[in-house]
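Participant: What follows is a single structure, and I will ask about it in a moment.
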Amino acid sequence: MGGASRQSLRIGLAFVARRKGRDGIAIADQGGWARHSRSMLGYMQRDDGWVDNASAGLA
């Protein structure tokens, strides 16, 4: 696999799939995470940051 670990492939799946607009549950199912996995959400958040920031526009 050219040095890529299984974990790095899963992280890449979460990162790229989220960037392409895929649903988090579909990503979790395919990547082998629990549907509301904090680690998976963290990998996705690295890409989209706080797009749905709850505090945006409150000031």
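To be explicit about the labels: the chains of the structure tokens are called A, B, and onward in the order shown, and within each one the residues are counted from 1, while ligands get numbers from 1 in the order they are shown.
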So that I can check the surroundings of A:Leu41, please list as a PyMOL selection string every protein, DNA and RNA residue that reaches within 10 Å of it, counting only C-alpha atoms and ignoring chain neighbours fewer than 5 positions away.
Facilitator: chain A and resi 14-15+18+24+28+33+35-36+46
Participant: Give me the residues within 9 Å of A:Arg10 as a list in words, counting only C-alpha atoms and dropping any in the same chain fewer than 3 places off.
Facilitator: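 My list of contacting residues is Ser5, Arg6, Gln7, Leu13, Ala14, Phe15, Gly31, Gly32 and Met40 of chain A.
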Participant: How would the residues just picked look written out with C-alpha atoms as a PDB file, in the first residue's frame?
Facilitator:
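Wrote it out as part.pdb, contents follow:
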ATOM      1  CA  SER A   5      -1.952   2.773   6.973  1.00  0.00           C
ATOM      2  CA  ARG A   6      -5.490   1.508   7.213  1.00  0.00           C
ATOM      3  CA  GLN A   7      -6.224   4.371   9.604  1.00  0.00           C
ATOM      4  CA  LEU A  13     -12.276   8.862   3.353  1.00  0.00           C
ATOM      5  CA  ALA A  14     -13.885  11.063   6.006  1.00  0.00           C
ATOM      6  CA  PHE A  15     -12.024  14.174   4.880  1.00  0.00           C
ATOM      7  CA  GLY A  31     -15.481   3.750   7.084  1.00  0.00           C
ATOM      8  CA  GLY A  32     -16.422   1.419   9.930  1.00  0.00           C
ATOM      9  CA  MET A  40     -14.856  10.696  12.631  1.00  0.00           C
TER      10      MET A  40
END
Participant: What is the atom CA of A:Ala54 to atom CA of A:Ser39 distance in Å?
Facilitator: 20.3 Å
Participant: How far is it from atom CA of A:Ala56 to atom CA of A:Ile11, in Å with one decimal?
Facilitator: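 These two atoms are separated by 27.5 Å.
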Participant: Rank A:Gly21, A:Gln30, A:Gln45, A:Ser37 by their smallest atom-to-atom distance to A:Leu9, using only C-alpha atoms, and report the top residue only.
Facilitator: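 Under the stated criterion, the closest residue is A:Gln30.
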Participant: Which value, in Å to one decimal, gives the distance between atom CA of A:Val16 and atom CA of A:Ala34?
Facilitator: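 Rounded to one decimal, the two atoms are 18.3 Å apart.
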